[in-house]
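Some notes on the structure that comes next.
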Amino acid sequence: MNSSSYCQDASVYYDNLAVKLVSARNFSEAMDLFNKSLDQDKTNVNAWIHKGNAEKAMRDYNASIRSFDQATILDGKNAPAWSALSDAYSSVKDYANATAAAAQLASLDPKNKAYWLKKGTLLQMQGDFGNATADLDRAITIDPKYKDALYRKALSELSANNTSQTIKLLDRVIAIDGKYKLAYNAKGQALEMQGDYEGAIEAYDGALAIDAKWTLPLTNKMHALLAAGRQKEAVDILLRI
């Protein structure tokens, strides 16, 4: 075995041991082993990714970004590296760079609906609902029953005050998954914007039937009750929150 092969094998060995230590949440020793792995072979892309995952788990987000970035430099077609880099940037609320990484991810596999959802969601977080909708439409074209993309597109429509289209999309989500509590809450908001307070209350009740401890639809229901002139019921909720 030549020295290059030996170093590569040693790098893989140390990386595998480090991953096991991370699973046991022994981060200190794991980081030592990741460093040993990379000392043996700095081109070990998996070691860079695994090290970045450990750093992210330790909330050392800037370090994880450096590790994931190094992985993408070594292998620009490595989807897990681009996905992890996007998530790490999101952790520090750097949504511009998170979106750029997600764009690279989507370019690697344009038929992967989850990649378009990731990019579209990140664009929404920056207030770019128009471009977000284009990406979400790509995901929906791939899978017309992709409930998460349909829900996200409904949020874009809601932001533009297109409440009728919002409700249509959310009804599609609920038809696919009757336990999708986020869709009920968003539908309630759309109905409130239309002035249909009783309908909104019913939608919020749908969310609460799924998750009785979720305070957001409960608070929203209180406001809808007030708007509907049902003050006593609204006060009862206020006393419970």
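Residue numbering restarts at 1 for every chain of the structure tokens, chains are lettered A, B, ... in their displayed order, and ligands are numbered from 1 as they appear.
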For this session: Pick out the residues sitting within 8 Å of Val12 (chain A), and hand them over as a ChimeraX atom specification; count only C-alpha atoms, and ignore anything fewer than 2 positions along from it in its own chain.
Result: /A:8-10,14-16,37,44,47
For this session: Extract, using only C-alpha atoms, all DNA, RNA and protein residues at most 10 Å from Ala96 (chain A), discarding same-chain residues fewer than 2 positions from it, and format them as a PyMOL selection string.
Result: chain A and resi 86+89-90+93-94+98-102+122-123+125-126
Can I get the selected residues back with N, CA, C and O atoms, as a tab-separated table (two decimals), in the first residue's frame?
chain	number	residue	atom	x	y	z
A	86	SER	N	-26.40	25.50	2.98
A	86	SER	CA	-27.60	26.35	2.98
A	86	SER	C	-28.23	26.40	4.37
A	86	SER	O	-28.59	27.48	4.86
A	89	TYR	N	-26.06	28.53	6.79
A	89	TYR	CA	-26.27	29.97	6.59
A	89	TYR	C	-27.62	30.41	7.16
A	89	TYR	O	-27.74	31.49	7.75
A	90	SER	N	-28.63	29.57	7.01
A	90	SER	CA	-29.95	29.90	7.57
A	90	SER	C	-29.88	30.02	9.09
A	90	SER	O	-30.59	30.84	9.68
A	93	LYS	N	-29.10	33.32	9.99
A	93	LYS	CA	-30.01	34.27	9.33
A	93	LYS	C	-29.38	34.98	8.13
A	93	LYS	O	-29.78	36.10	7.78
A	94	ASP	N	-28.39	34.33	7.52
A	94	ASP	CA	-27.80	34.85	6.29
A	94	ASP	C	-28.55	34.19	5.12
A	94	ASP	O	-28.07	33.26	4.48
A	98	ALA	N	-27.70	31.56	2.01
A	98	ALA	CA	-28.45	30.29	2.11
A	98	ALA	C	-29.17	30.02	0.81
A	98	ALA	O	-29.20	28.88	0.31
A	99	THR	N	-29.75	31.06	0.21
A	99	THR	CA	-30.47	30.92	-1.05
A	99	THR	C	-29.51	30.59	-2.18
A	99	THR	O	-29.82	29.77	-3.06
A	100	ALA	N	-28.34	31.24	-2.18
A	100	ALA	CA	-27.34	30.96	-3.21
A	100	ALA	C	-26.92	29.49	-3.17
A	100	ALA	O	-26.77	28.84	-4.22
A	101	ALA	N	-26.74	28.96	-1.97
A	101	ALA	CA	-26.38	27.54	-1.83
A	101	ALA	C	-27.52	26.65	-2.29
A	101	ALA	O	-27.31	25.62	-2.94
A	102	ALA	N	-28.76	27.04	-1.96
A	102	ALA	CA	-29.93	26.26	-2.38
A	102	ALA	C	-30.07	26.29	-3.90
A	102	ALA	O	-30.51	25.30	-4.51
A	122	LEU	N	-36.68	29.92	1.29
A	122	LEU	CA	-35.66	30.91	1.64
A	122	LEU	C	-35.95	32.27	0.99
A	122	LEU	O	-35.75	33.31	1.61
A	123	LEU	N	-36.45	32.25	-0.23
A	123	LEU	CA	-36.82	33.51	-0.89
A	123	LEU	C	-37.98	34.18	-0.15
A	123	LEU	O	-38.00	35.41	0.01
A	125	MET	N	-38.53	34.02	2.99
A	125	MET	CA	-37.99	34.57	4.23
A	125	MET	C	-37.31	35.90	4.00
A	125	MET	O	-37.10	36.67	4.94
A	126	GLN	N	-36.98	36.19	2.74
A	126	GLN	CA	-36.40	37.49	2.39
A	126	GLN	C	-37.43	38.44	1.81
A	126	GLN	O	-37.11	39.54	1.38
Problem set entry | Residues within 10 Å of Gln165 (chain A), only C-alpha atoms, excluding chain neighbours under 5 positions, as a ChimeraX atom specification | /A:153-154,157-158,170-171,190
The selected residues should be written to file as a PDB file, in the first residue's frame (atoms: N, CA, C and O atoms).
ATOM      1  N   LYS A 153     -46.845  28.148  -1.293  1.00  0.00           N
ATOM      2  CA  LYS A 153     -47.386  29.002  -2.357  1.00  0.00           C
ATOM      3  C   LYS A 153     -48.595  29.776  -1.841  1.00  0.00           C
ATOM      4  O   LYS A 153     -48.779  30.952  -2.180  1.00  0.00           O
ATOM      5  N   ALA A 154     -49.399  29.137  -1.003  1.00  0.00           N
ATOM      6  CA  ALA A 154     -50.551  29.825  -0.413  1.00  0.00           C
ATOM      7  C   ALA A 154     -50.093  31.033   0.406  1.00  0.00           C
ATOM      8  O   ALA A 154     -50.750  32.087   0.386  1.00  0.00           O
ATOM      9  N   GLU A 157     -49.436  33.877  -1.904  1.00  0.00           N
ATOM     10  CA  GLU A 157     -50.699  34.474  -2.344  1.00  0.00           C
ATOM     11  C   GLU A 157     -51.306  35.327  -1.224  1.00  0.00           C
ATOM     12  O   GLU A 157     -51.861  36.402  -1.481  1.00  0.00           O
ATOM     13  N   LEU A 158     -51.187  34.853   0.000  1.00  0.00           N
ATOM     14  CA  LEU A 158     -51.713  35.596   1.148  1.00  0.00           C
ATOM     15  C   LEU A 158     -50.985  36.922   1.307  1.00  0.00           C
ATOM     16  O   LEU A 158     -51.599  37.950   1.615  1.00  0.00           O
ATOM     17  N   LEU A 170     -54.994  26.205   0.087  1.00  0.00           N
ATOM     18  CA  LEU A 170     -55.027  25.596   1.420  1.00  0.00           C
ATOM     19  C   LEU A 170     -56.046  24.461   1.486  1.00  0.00           C
ATOM     20  O   LEU A 170     -55.820  23.461   2.172  1.00  0.00           O
ATOM     21  N   ASP A 171     -57.156  24.609   0.771  1.00  0.00           N
ATOM     22  CA  ASP A 171     -58.132  23.515   0.714  1.00  0.00           C
ATOM     23  C   ASP A 171     -57.537  22.286   0.033  1.00  0.00           C
ATOM     24  O   ASP A 171     -57.846  21.147   0.405  1.00  0.00           O
ATOM     25  N   ALA A 190     -56.764  34.059   6.059  1.00  0.00           N
ATOM     26  CA  ALA A 190     -57.300  34.501   4.765  1.00  0.00           C
ATOM     27  C   ALA A 190     -58.781  34.855   4.883  1.00  0.00           C
ATOM     28  O   ALA A 190     -59.247  35.863   4.325  1.00  0.00           O
TER      29      ALA A 190
END
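Across the model, the gap from CA of Leu208 (chain A) to CA of Ala114 (chain A) is 28.0 Å.
Here CA of Ser91 (chain A) is placed at a distance of 12.3 Å from CA of Asn53 (chain A).
Between CA of Ser11 (chain A) and CA of Leu108 (chain A) the interatomic distance comes to 27.2 Å.
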How close does region 148-182 of chain A get to region 202-207 of chain A? List, as CSV, each residue of region 148-182 of chain A within 8 Å, its nearest atom pair and the distance in Å to one decimal, counting only C-alpha atoms.
residue,atom,partner,partner_atom,distance
A:Tyr180,CA,A:Ala207,CA,8.0
A:Lys181,CA,A:Ala207,CA,4.7
A:Leu182,CA,A:Ala207,CA,7.1
Writer output for current selection, N, CA and C atoms, as an mmCIF file, in the first residue's frame:
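Here's the written file again11.cif:
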data_model
loop_
_atom_site.group_PDB
_atom_site.id
_atom_site.type_symbol
_atom_site.label_atom_id
_atom_site.label_comp_id
_atom_site.auth_asym_id
_atom_site.auth_seq_id
_atom_site.Cartn_x
_atom_site.Cartn_y
_atom_site.Cartn_z
ATOM 1 N N TYR A 180 -52.957 18.741 8.602
ATOM 2 C CA TYR A 180 -51.965 19.789 8.331
ATOM 3 C C TYR A 180 -52.418 21.071 9.034
ATOM 4 N N LYS A 181 -52.020 21.205 10.286
ATOM 5 C CA LYS A 181 -52.554 22.280 11.127
ATOM 6 C C LYS A 181 -52.198 23.676 10.615
ATOM 7 N N LEU A 182 -51.023 23.818 10.001
ATOM 8 C CA LEU A 182 -50.622 25.129 9.488
ATOM 9 C C LEU A 182 -51.596 25.639 8.437
#
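Using only C-alpha atoms, the residues found no farther than 9 Å from Ala106 (chain A), other than those of its own chain fewer than 4 positions away, are A:Ala79, A:Ala101, A:Ala102, A:Pro110, A:Lys111, A:Asn112, A:Lys113, A:Ala114, A:Tyr115, A:Trp116, A:Lys118, A:Lys119.
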Problem set entry | For Leu136 (chain A), the nearest of the candidates A:Ile176, A:Gly120, A:Tyr151, A:Lys168, counting only C-alpha atoms | A:Gly120
Problem set entry | Secondary structure check, helix (DSSP H, G or I) residues of region 2-118 of chain A, as a PyMOL selection string | chain A and resi 3-23+27-40+45-57+61-74+79-91+95-108+113-118
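Taking only C-alpha atoms into account, Asp75 (chain A) lies nearest to A:Trp48 out of the set A:Tyr184, A:Tyr61, A:Trp48, A:Tyr95.
Of the listed residues (A:Ala71, A:Leu218, A:Leu150, A:Val19), A:Val19 comes nearest to His50 (chain A); the distances count only C-alpha atoms.
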Problem set entry | Best match for closeness to Ser67 (chain A) among A:Asn35, A:Gln124, A:Asn161, A:Asn220, counting only C-alpha atoms | A:Asn35
